[in-house]
Amino acid sequence: MTSTQARHTRRAVLQAAIDTHASCHDVDVDLFFRRDRERHTTWQARRTEALRLCAGCPVRAACEELALRDGEGRAGRDEMVRGGRTGPELAAARAAQAVRLAAAVEADQDTEGRQLDMLMTELVTEAGKNPDSSRNGGQRAVALRAAAQNHRLRTLAAQIRQIRTTRRTRAGWEAAA
């Protein structure tokens, strides 16, 4: 994925790409963050290793885009690496792309909200259906239709639960209410 493609991609697709293809899955996450009171020379060596790992990652652009959308990195603190950029580099890119990033974050939220609304409508519609209405075929056919309807309801409820949990986690909630 190129940087241009990542900029035009929604959060869920970016995160799925990272979850599936990131080079850092088998690496200790601490490699990417400076430890408290860590000597500058020690951090420089680890930061260089993290940047080297990011350079070869097939989803580096997606990771960088999510870091920018999430507001990661600070201008005055060299304390992290994400998406092939240091914290100050992320902060500078975020400042330079503020308008675009605000629109991308808003679009991500709108897309997620619309998806949640659509799933809720579908769930209510499906729940209101009567599996044995105006159909023949006996009890076995009714039972099969009811089982299929119940499966569909469980699937919709799971999708809704997943979106809500993701939103709550992003908002900082420890557990879904």
# chains A, B, ... in the order shown; residues from 1 in each chain; ligands from 1
>>> residues_around(residues="region 32-42 of chain A", least_positions_apart="5", cutoff="6 Å", atoms="only C-alpha atoms", output="ChimeraX atom specification")
/A:50,79-81
>>> residues_around(residues="Glu49 (chain A)", least_positions_apart="5", cutoff="9 Å", atoms="only C-alpha atoms", output="PDB file with all heavy atoms, in the first residue's frame")
ATOM      1  N   LEU A  31      10.599  -2.223  21.408  1.00  0.00           N
ATOM      2  CA  LEU A  31      11.609  -1.755  20.466  1.00  0.00           C
ATOM      3  C   LEU A  31      11.235  -0.379  19.925  1.00  0.00           C
ATOM      4  O   LEU A  31      12.101   0.441  19.646  1.00  0.00           O
ATOM      5  CB  LEU A  31      11.747  -2.750  19.296  1.00  0.00           C
ATOM      6  CG  LEU A  31      12.665  -2.324  18.147  1.00  0.00           C
ATOM      7  CD1 LEU A  31      14.118  -2.297  18.613  1.00  0.00           C
ATOM      8  CD2 LEU A  31      12.498  -3.266  16.963  1.00  0.00           C
ATOM      9  N   PHE A  32       9.947  -0.099  19.800  1.00  0.00           N
ATOM     10  CA  PHE A  32       9.462   1.107  19.145  1.00  0.00           C
ATOM     11  C   PHE A  32       9.262   2.292  20.089  1.00  0.00           C
ATOM     12  O   PHE A  32       8.886   3.372  19.641  1.00  0.00           O
ATOM     13  CB  PHE A  32       8.156   0.800  18.405  1.00  0.00           C
ATOM     14  CG  PHE A  32       8.341  -0.239  17.346  1.00  0.00           C
ATOM     15  CD1 PHE A  32       8.136  -1.580  17.620  1.00  0.00           C
ATOM     16  CD2 PHE A  32       8.760   0.122  16.073  1.00  0.00           C
ATOM     17  CE1 PHE A  32       8.328  -2.545  16.645  1.00  0.00           C
ATOM     18  CE2 PHE A  32       8.954  -0.841  15.096  1.00  0.00           C
ATOM     19  CZ  PHE A  32       8.735  -2.175  15.384  1.00  0.00           C
ATOM     20  N   GLN A  44      19.050   5.588  20.521  1.00  0.00           N
ATOM     21  CA  GLN A  44      19.413   5.775  19.115  1.00  0.00           C
ATOM     22  C   GLN A  44      19.614   4.436  18.413  1.00  0.00           C
ATOM     23  O   GLN A  44      19.149   4.246  17.285  1.00  0.00           O
ATOM     24  CB  GLN A  44      20.691   6.608  18.984  1.00  0.00           C
ATOM     25  CG  GLN A  44      20.462   8.090  19.099  1.00  0.00           C
ATOM     26  CD  GLN A  44      21.749   8.851  18.870  1.00  0.00           C
ATOM     27  OE1 GLN A  44      22.804   8.459  19.345  1.00  0.00           O
ATOM     28  NE2 GLN A  44      21.652   9.941  18.124  1.00  0.00           N
ATOM     29  N   CYS A  54      10.799  -1.034  10.050  1.00  0.00           N
ATOM     30  CA  CYS A  54       9.684  -0.350   9.388  1.00  0.00           C
ATOM     31  C   CYS A  54       9.927  -0.187   7.885  1.00  0.00           C
ATOM     32  O   CYS A  54       8.994  -0.291   7.089  1.00  0.00           O
ATOM     33  CB  CYS A  54       9.453   1.022  10.003  1.00  0.00           C
ATOM     34  SG  CYS A  54       8.718   1.014  11.649  1.00  0.00           S
TER      35      CYS A  54
END
>>> residues_around(residues="Glu126 (chain A)", least_positions_apart="3", cutoff="10 Å", atoms="only C-alpha atoms", output="PyMOL selection string")
chain A and resi 120-123+129-131+149-150+152-153+156
>>> write_last_selection(atoms="N, CA, C and O atoms", output="mmCIF file, in the first residue's frame")
data_model
loop_
_atom_site.group_PDB
_atom_site.id
_atom_site.type_symbol
_atom_site.label_atom_id
_atom_site.label_comp_id
_atom_site.auth_asym_id
_atom_site.auth_seq_id
_atom_site.Cartn_x
_atom_site.Cartn_y
_atom_site.Cartn_z
ATOM 1 N N MET A 120 -27.921 -2.092 12.845
ATOM 2 C CA MET A 120 -29.028 -2.044 13.812
ATOM 3 C C MET A 120 -30.378 -2.147 13.087
ATOM 4 O O MET A 120 -31.273 -2.872 13.530
ATOM 5 N N THR A 121 -30.523 -1.431 11.992
ATOM 6 C CA THR A 121 -31.763 -1.497 11.210
ATOM 7 C C THR A 121 -31.999 -2.907 10.690
ATOM 8 O O THR A 121 -33.111 -3.441 10.761
ATOM 9 N N GLU A 122 -30.933 -3.513 10.175
ATOM 10 C CA GLU A 122 -31.032 -4.879 9.660
ATOM 11 C C GLU A 122 -31.404 -5.865 10.770
ATOM 12 O O GLU A 122 -32.214 -6.769 10.574
ATOM 13 N N LEU A 123 -30.831 -5.680 11.955
ATOM 14 C CA LEU A 123 -31.128 -6.552 13.098
ATOM 15 C C LEU A 123 -32.603 -6.444 13.487
ATOM 16 O O LEU A 123 -33.279 -7.461 13.676
ATOM 17 N N LYS A 129 -39.199 -10.555 11.580
ATOM 18 C CA LYS A 129 -39.707 -11.542 10.619
ATOM 19 C C LYS A 129 -40.226 -12.767 11.349
ATOM 20 O O LYS A 129 -39.668 -13.194 12.349
ATOM 21 N N ASN A 130 -41.271 -13.347 10.789
ATOM 22 C CA ASN A 130 -41.831 -14.582 11.330
ATOM 23 C C ASN A 130 -41.382 -15.725 10.430
ATOM 24 O O ASN A 130 -41.737 -15.768 9.260
ATOM 25 N N PRO A 131 -40.596 -16.655 10.949
ATOM 26 C CA PRO A 131 -40.052 -17.712 10.086
ATOM 27 C C PRO A 131 -41.112 -18.641 9.496
ATOM 28 O O PRO A 131 -40.850 -19.322 8.516
ATOM 29 N N GLN A 149 -32.681 -17.896 10.692
ATOM 30 C CA GLN A 149 -32.946 -16.547 11.184
ATOM 31 C C GLN A 149 -32.156 -16.284 12.478
ATOM 32 O O GLN A 149 -31.552 -15.227 12.637
ATOM 33 N N ASN A 150 -32.139 -17.244 13.381
ATOM 34 C CA ASN A 150 -31.393 -17.081 14.631
ATOM 35 C C ASN A 150 -29.895 -16.917 14.360
ATOM 36 O O ASN A 150 -29.228 -16.102 15.008
ATOM 37 N N ARG A 152 -28.570 -15.648 11.658
ATOM 38 C CA ARG A 152 -28.401 -14.298 11.098
ATOM 39 C C ARG A 152 -28.463 -13.247 12.206
ATOM 40 O O ARG A 152 -27.678 -12.304 12.221
ATOM 41 N N LEU A 153 -29.379 -13.404 13.153
ATOM 42 C CA LEU A 153 -29.488 -12.458 14.270
ATOM 43 C C LEU A 153 -28.223 -12.462 15.130
ATOM 44 O O LEU A 153 -27.729 -11.399 15.527
ATOM 45 N N LEU A 156 -25.432 -10.631 13.165
ATOM 46 C CA LEU A 156 -25.623 -9.180 13.207
ATOM 47 C C LEU A 156 -25.277 -8.625 14.584
ATOM 48 O O LEU A 156 -24.599 -7.601 14.695
#
>>> atom_distance(atom1="CA of Ala148 (chain A)", atom2="CA of Thr125 (chain A)")
14.5 Å
>>> closest_residue(among="A:Arg82, A:Arg47, A:Arg154, A:Arg69", to="Ala103 (chain A)", atoms="only C-alpha atoms")
A:Arg69
>>> residues_around(residues="region 8-10 of chain A", least_positions_apart="6", cutoff="12 Å", atoms="only C-alpha atoms", output="ChimeraX atom specification")
/A:1-2,16-17,61-63,65-66,69,100-101,103-112
>>> select_by_dssp(residues="region 26-113 of chain A", states="strand (DSSP E)", output="ChimeraX atom specification")
/A:81-82,85-86
>>> write_last_selection(atoms="all heavy atoms", output="PDB file, in the first residue's frame")
ATOM      1  N   VAL A  81       8.802   5.295  17.510  1.00  0.00           N
ATOM      2  CA  VAL A  81       8.869   5.085  16.065  1.00  0.00           C
ATOM      3  C   VAL A  81       7.574   4.389  15.680  1.00  0.00           C
ATOM      4  O   VAL A  81       7.151   3.430  16.332  1.00  0.00           O
ATOM      5  CB  VAL A  81      10.070   4.190  15.671  1.00  0.00           C
ATOM      6  CG1 VAL A  81       9.984   3.786  14.204  1.00  0.00           C
ATOM      7  CG2 VAL A  81      11.378   4.891  15.963  1.00  0.00           C
ATOM      8  N   ARG A  82       6.942   4.892  14.628  1.00  0.00           N
ATOM      9  CA  ARG A  82       5.756   4.218  14.103  1.00  0.00           C
ATOM     10  C   ARG A  82       5.625   4.554  12.632  1.00  0.00           C
ATOM     11  O   ARG A  82       5.769   5.699  12.238  1.00  0.00           O
ATOM     12  CB  ARG A  82       4.489   4.651  14.855  1.00  0.00           C
ATOM     13  CG  ARG A  82       3.275   3.904  14.316  1.00  0.00           C
ATOM     14  CD  ARG A  82       2.199   3.674  15.318  1.00  0.00           C
ATOM     15  NE  ARG A  82       1.108   2.955  14.694  1.00  0.00           N
ATOM     16  CZ  ARG A  82      -0.171   3.206  14.898  1.00  0.00           C
ATOM     17  NH1 ARG A  82      -0.517   4.135  15.762  1.00  0.00           N
ATOM     18  NH2 ARG A  82      -1.095   2.520  14.283  1.00  0.00           N
ATOM     19  N   ARG A  85       8.529   6.472  10.955  1.00  0.00           N
ATOM     20  CA  ARG A  85       8.822   7.854  11.353  1.00  0.00           C
ATOM     21  C   ARG A  85       9.030   7.926  12.856  1.00  0.00           C
ATOM     22  O   ARG A  85       8.430   7.173  13.611  1.00  0.00           O
ATOM     23  CB  ARG A  85       7.676   8.787  10.989  1.00  0.00           C
ATOM     24  CG  ARG A  85       7.516   9.005   9.503  1.00  0.00           C
ATOM     25  CD  ARG A  85       6.469  10.068   9.261  1.00  0.00           C
ATOM     26  NE  ARG A  85       6.215  10.271   7.864  1.00  0.00           N
ATOM     27  CZ  ARG A  85       6.240  11.458   7.285  1.00  0.00           C
ATOM     28  NH1 ARG A  85       6.502  12.530   7.989  1.00  0.00           N
ATOM     29  NH2 ARG A  85       5.991  11.567   6.009  1.00  0.00           N
ATOM     30  N   THR A  86       9.849   8.888  13.255  1.00  0.00           N
ATOM     31  CA  THR A  86      10.040   9.143  14.685  1.00  0.00           C
ATOM     32  C   THR A  86       8.899  10.026  15.182  1.00  0.00           C
ATOM     33  O   THR A  86       8.144  10.591  14.372  1.00  0.00           O
ATOM     34  CB  THR A  86      11.378   9.854  14.934  1.00  0.00           C
ATOM     35  OG1 THR A  86      11.337  11.136  14.301  1.00  0.00           O
ATOM     36  CG2 THR A  86      12.551   9.038  14.408  1.00  0.00           C
TER      37      THR A  86
END
>>> decode(residues="region 2-39 of chain A", atoms="N, CA, C and O atoms", output="short mmCIF file (atom, residue, chain, number, x, y, z; two decimals), in the first residue's frame")
data_model
loop_
_atom_site.label_atom_id
_atom_site.label_comp_id
_atom_site.auth_asym_id
_atom_site.auth_seq_id
_atom_site.Cartn_x
_atom_site.Cartn_y
_atom_site.Cartn_z
N THR A 2 0.61 2.15 -0.91
CA THR A 2 1.39 3.39 -0.97
C THR A 2 0.82 4.41 0.01
O THR A 2 -0.29 4.25 0.51
N SER A 3 1.58 5.46 0.25
CA SER A 3 1.11 6.53 1.13
C SER A 3 -0.17 7.16 0.59
O SER A 3 -1.08 7.47 1.35
N THR A 4 -0.24 7.35 -0.71
CA THR A 4 -1.44 7.93 -1.32
C THR A 4 -2.65 7.03 -1.11
O THR A 4 -3.73 7.49 -0.77
N GLN A 5 -2.46 5.73 -1.30
CA GLN A 5 -3.56 4.79 -1.07
C GLN A 5 -3.98 4.82 0.39
O GLN A 5 -5.18 4.81 0.70
N ALA A 6 -3.03 4.85 1.30
CA ALA A 6 -3.34 4.86 2.73
C ALA A 6 -4.14 6.09 3.10
O ALA A 6 -5.05 6.02 3.93
N ARG A 7 -3.81 7.22 2.51
CA ARG A 7 -4.52 8.47 2.83
C ARG A 7 -5.99 8.41 2.46
O ARG A 7 -6.81 9.09 3.05
N HIS A 8 -6.32 7.60 1.47
CA HIS A 8 -7.70 7.52 0.98
C HIS A 8 -8.43 6.27 1.47
O HIS A 8 -9.51 5.96 1.00
N THR A 9 -7.84 5.60 2.43
CA THR A 9 -8.41 4.35 2.94
C THR A 9 -8.99 4.57 4.33
O THR A 9 -8.44 5.31 5.13
N ARG A 10 -10.08 3.92 4.62
CA ARG A 10 -10.73 4.05 5.92
C ARG A 10 -9.97 3.28 6.99
O ARG A 10 -9.25 2.32 6.72
N ARG A 11 -10.16 3.70 8.21
CA ARG A 11 -9.47 3.14 9.38
C ARG A 11 -9.56 1.62 9.46
O ARG A 11 -8.57 0.95 9.70
N ALA A 12 -10.73 1.06 9.28
CA ALA A 12 -10.90 -0.39 9.44
C ALA A 12 -10.04 -1.16 8.46
O ALA A 12 -9.44 -2.18 8.82
N VAL A 13 -9.94 -0.67 7.24
CA VAL A 13 -9.13 -1.35 6.22
C VAL A 13 -7.65 -1.21 6.55
O VAL A 13 -6.88 -2.17 6.44
N LEU A 14 -7.24 -0.02 7.01
CA LEU A 14 -5.85 0.19 7.40
C LEU A 14 -5.47 -0.74 8.55
O LEU A 14 -4.43 -1.39 8.53
N GLN A 15 -6.33 -0.81 9.57
CA GLN A 15 -6.04 -1.64 10.73
C GLN A 15 -6.00 -3.12 10.34
O GLN A 15 -5.14 -3.86 10.82
N ALA A 16 -6.91 -3.55 9.49
CA ALA A 16 -6.91 -4.95 9.04
C ALA A 16 -5.62 -5.28 8.29
O ALA A 16 -5.06 -6.36 8.47
N ALA A 17 -5.15 -4.35 7.47
CA ALA A 17 -3.90 -4.58 6.73
C ALA A 17 -2.74 -4.73 7.70
O ALA A 17 -1.90 -5.63 7.56
N ILE A 18 -2.69 -3.88 8.71
CA ILE A 18 -1.62 -3.95 9.70
C ILE A 18 -1.71 -5.25 10.49
O ILE A 18 -0.71 -5.94 10.70
N ASP A 19 -2.90 -5.60 10.92
CA ASP A 19 -3.09 -6.82 11.70
C ASP A 19 -2.67 -8.06 10.92
O ASP A 19 -2.20 -9.04 11.50
N THR A 20 -2.82 -8.02 9.62
CA THR A 20 -2.54 -9.18 8.79
C THR A 20 -1.10 -9.23 8.27
O THR A 20 -0.51 -10.30 8.21
N HIS A 21 -0.54 -8.08 7.93
CA HIS A 21 0.72 -8.08 7.17
C HIS A 21 1.89 -7.38 7.83
O HIS A 21 2.96 -7.30 7.22
N ALA A 22 1.75 -6.83 9.02
CA ALA A 22 2.85 -6.06 9.62
C ALA A 22 4.06 -6.94 9.92
O ALA A 22 3.94 -8.07 10.37
N SER A 23 5.25 -6.38 9.69
CA SER A 23 6.50 -7.09 9.95
C SER A 23 6.82 -7.17 11.43
O SER A 23 7.67 -7.95 11.84
N CYS A 24 6.18 -6.36 12.24
CA CYS A 24 6.55 -6.24 13.65
C CYS A 24 5.75 -7.15 14.58
O CYS A 24 5.90 -7.07 15.80
N HIS A 25 4.92 -8.03 14.05
CA HIS A 25 4.09 -8.88 14.91
C HIS A 25 4.92 -9.75 15.85
O HIS A 25 4.52 -10.00 16.97
N ASP A 26 6.07 -10.21 15.39
CA ASP A 26 6.89 -11.11 16.21
C ASP A 26 7.99 -10.37 16.95
O ASP A 26 8.90 -11.00 17.49
N VAL A 27 7.92 -9.05 16.98
CA VAL A 27 8.94 -8.23 17.61
C VAL A 27 8.36 -7.63 18.89
O VAL A 27 7.20 -7.24 18.93
N ASP A 28 9.20 -7.52 19.92
CA ASP A 28 8.77 -6.90 21.17
C ASP A 28 8.40 -5.44 20.90
O ASP A 28 9.19 -4.67 20.35
N VAL A 29 7.20 -5.06 21.28
CA VAL A 29 6.70 -3.70 21.03
C VAL A 29 7.59 -2.64 21.68
O VAL A 29 7.64 -1.50 21.23
N ASP A 30 8.31 -3.00 22.72
CA ASP A 30 9.19 -2.05 23.40
C ASP A 30 10.30 -1.52 22.48
O ASP A 30 10.88 -0.47 22.77
N LEU A 31 10.60 -2.22 21.41
CA LEU A 31 11.61 -1.75 20.47
C LEU A 31 11.23 -0.38 19.92
O LEU A 31 12.10 0.44 19.65
N PHE A 32 9.95 -0.10 19.80
CA PHE A 32 9.46 1.11 19.15
C PHE A 32 9.26 2.29 20.09
O PHE A 32 8.89 3.37 19.64
N PHE A 33 9.49 2.09 21.38
CA PHE A 33 9.26 3.16 22.36
C PHE A 33 10.47 3.32 23.28
O PHE A 33 11.02 2.33 23.78
N ARG A 34 10.85 4.56 23.52
CA ARG A 34 11.97 4.86 24.41
C ARG A 34 11.54 4.61 25.86
O ARG A 34 10.47 5.01 26.28
N ARG A 35 12.41 3.94 26.59
CA ARG A 35 12.13 3.64 27.99
C ARG A 35 12.37 4.87 28.85
O ARG A 35 13.13 5.76 28.48
N ASP A 36 11.75 4.91 30.02
CA ASP A 36 11.99 5.99 30.98
C ASP A 36 13.47 6.01 31.35
O ASP A 36 14.06 4.96 31.63
N ARG A 37 14.05 7.17 31.33
CA ARG A 37 15.45 7.39 31.71
C ARG A 37 16.45 6.58 30.88
O ARG A 37 17.55 6.31 31.33
N GLU A 38 16.06 6.19 29.69
CA GLU A 38 16.98 5.46 28.82
C GLU A 38 18.01 6.42 28.23
O GLU A 38 17.68 7.53 27.82
N ARG A 39 19.25 5.98 28.21
CA ARG A 39 20.33 6.81 27.66
C ARG A 39 20.07 7.07 26.18
O ARG A 39 19.58 6.20 25.46
#
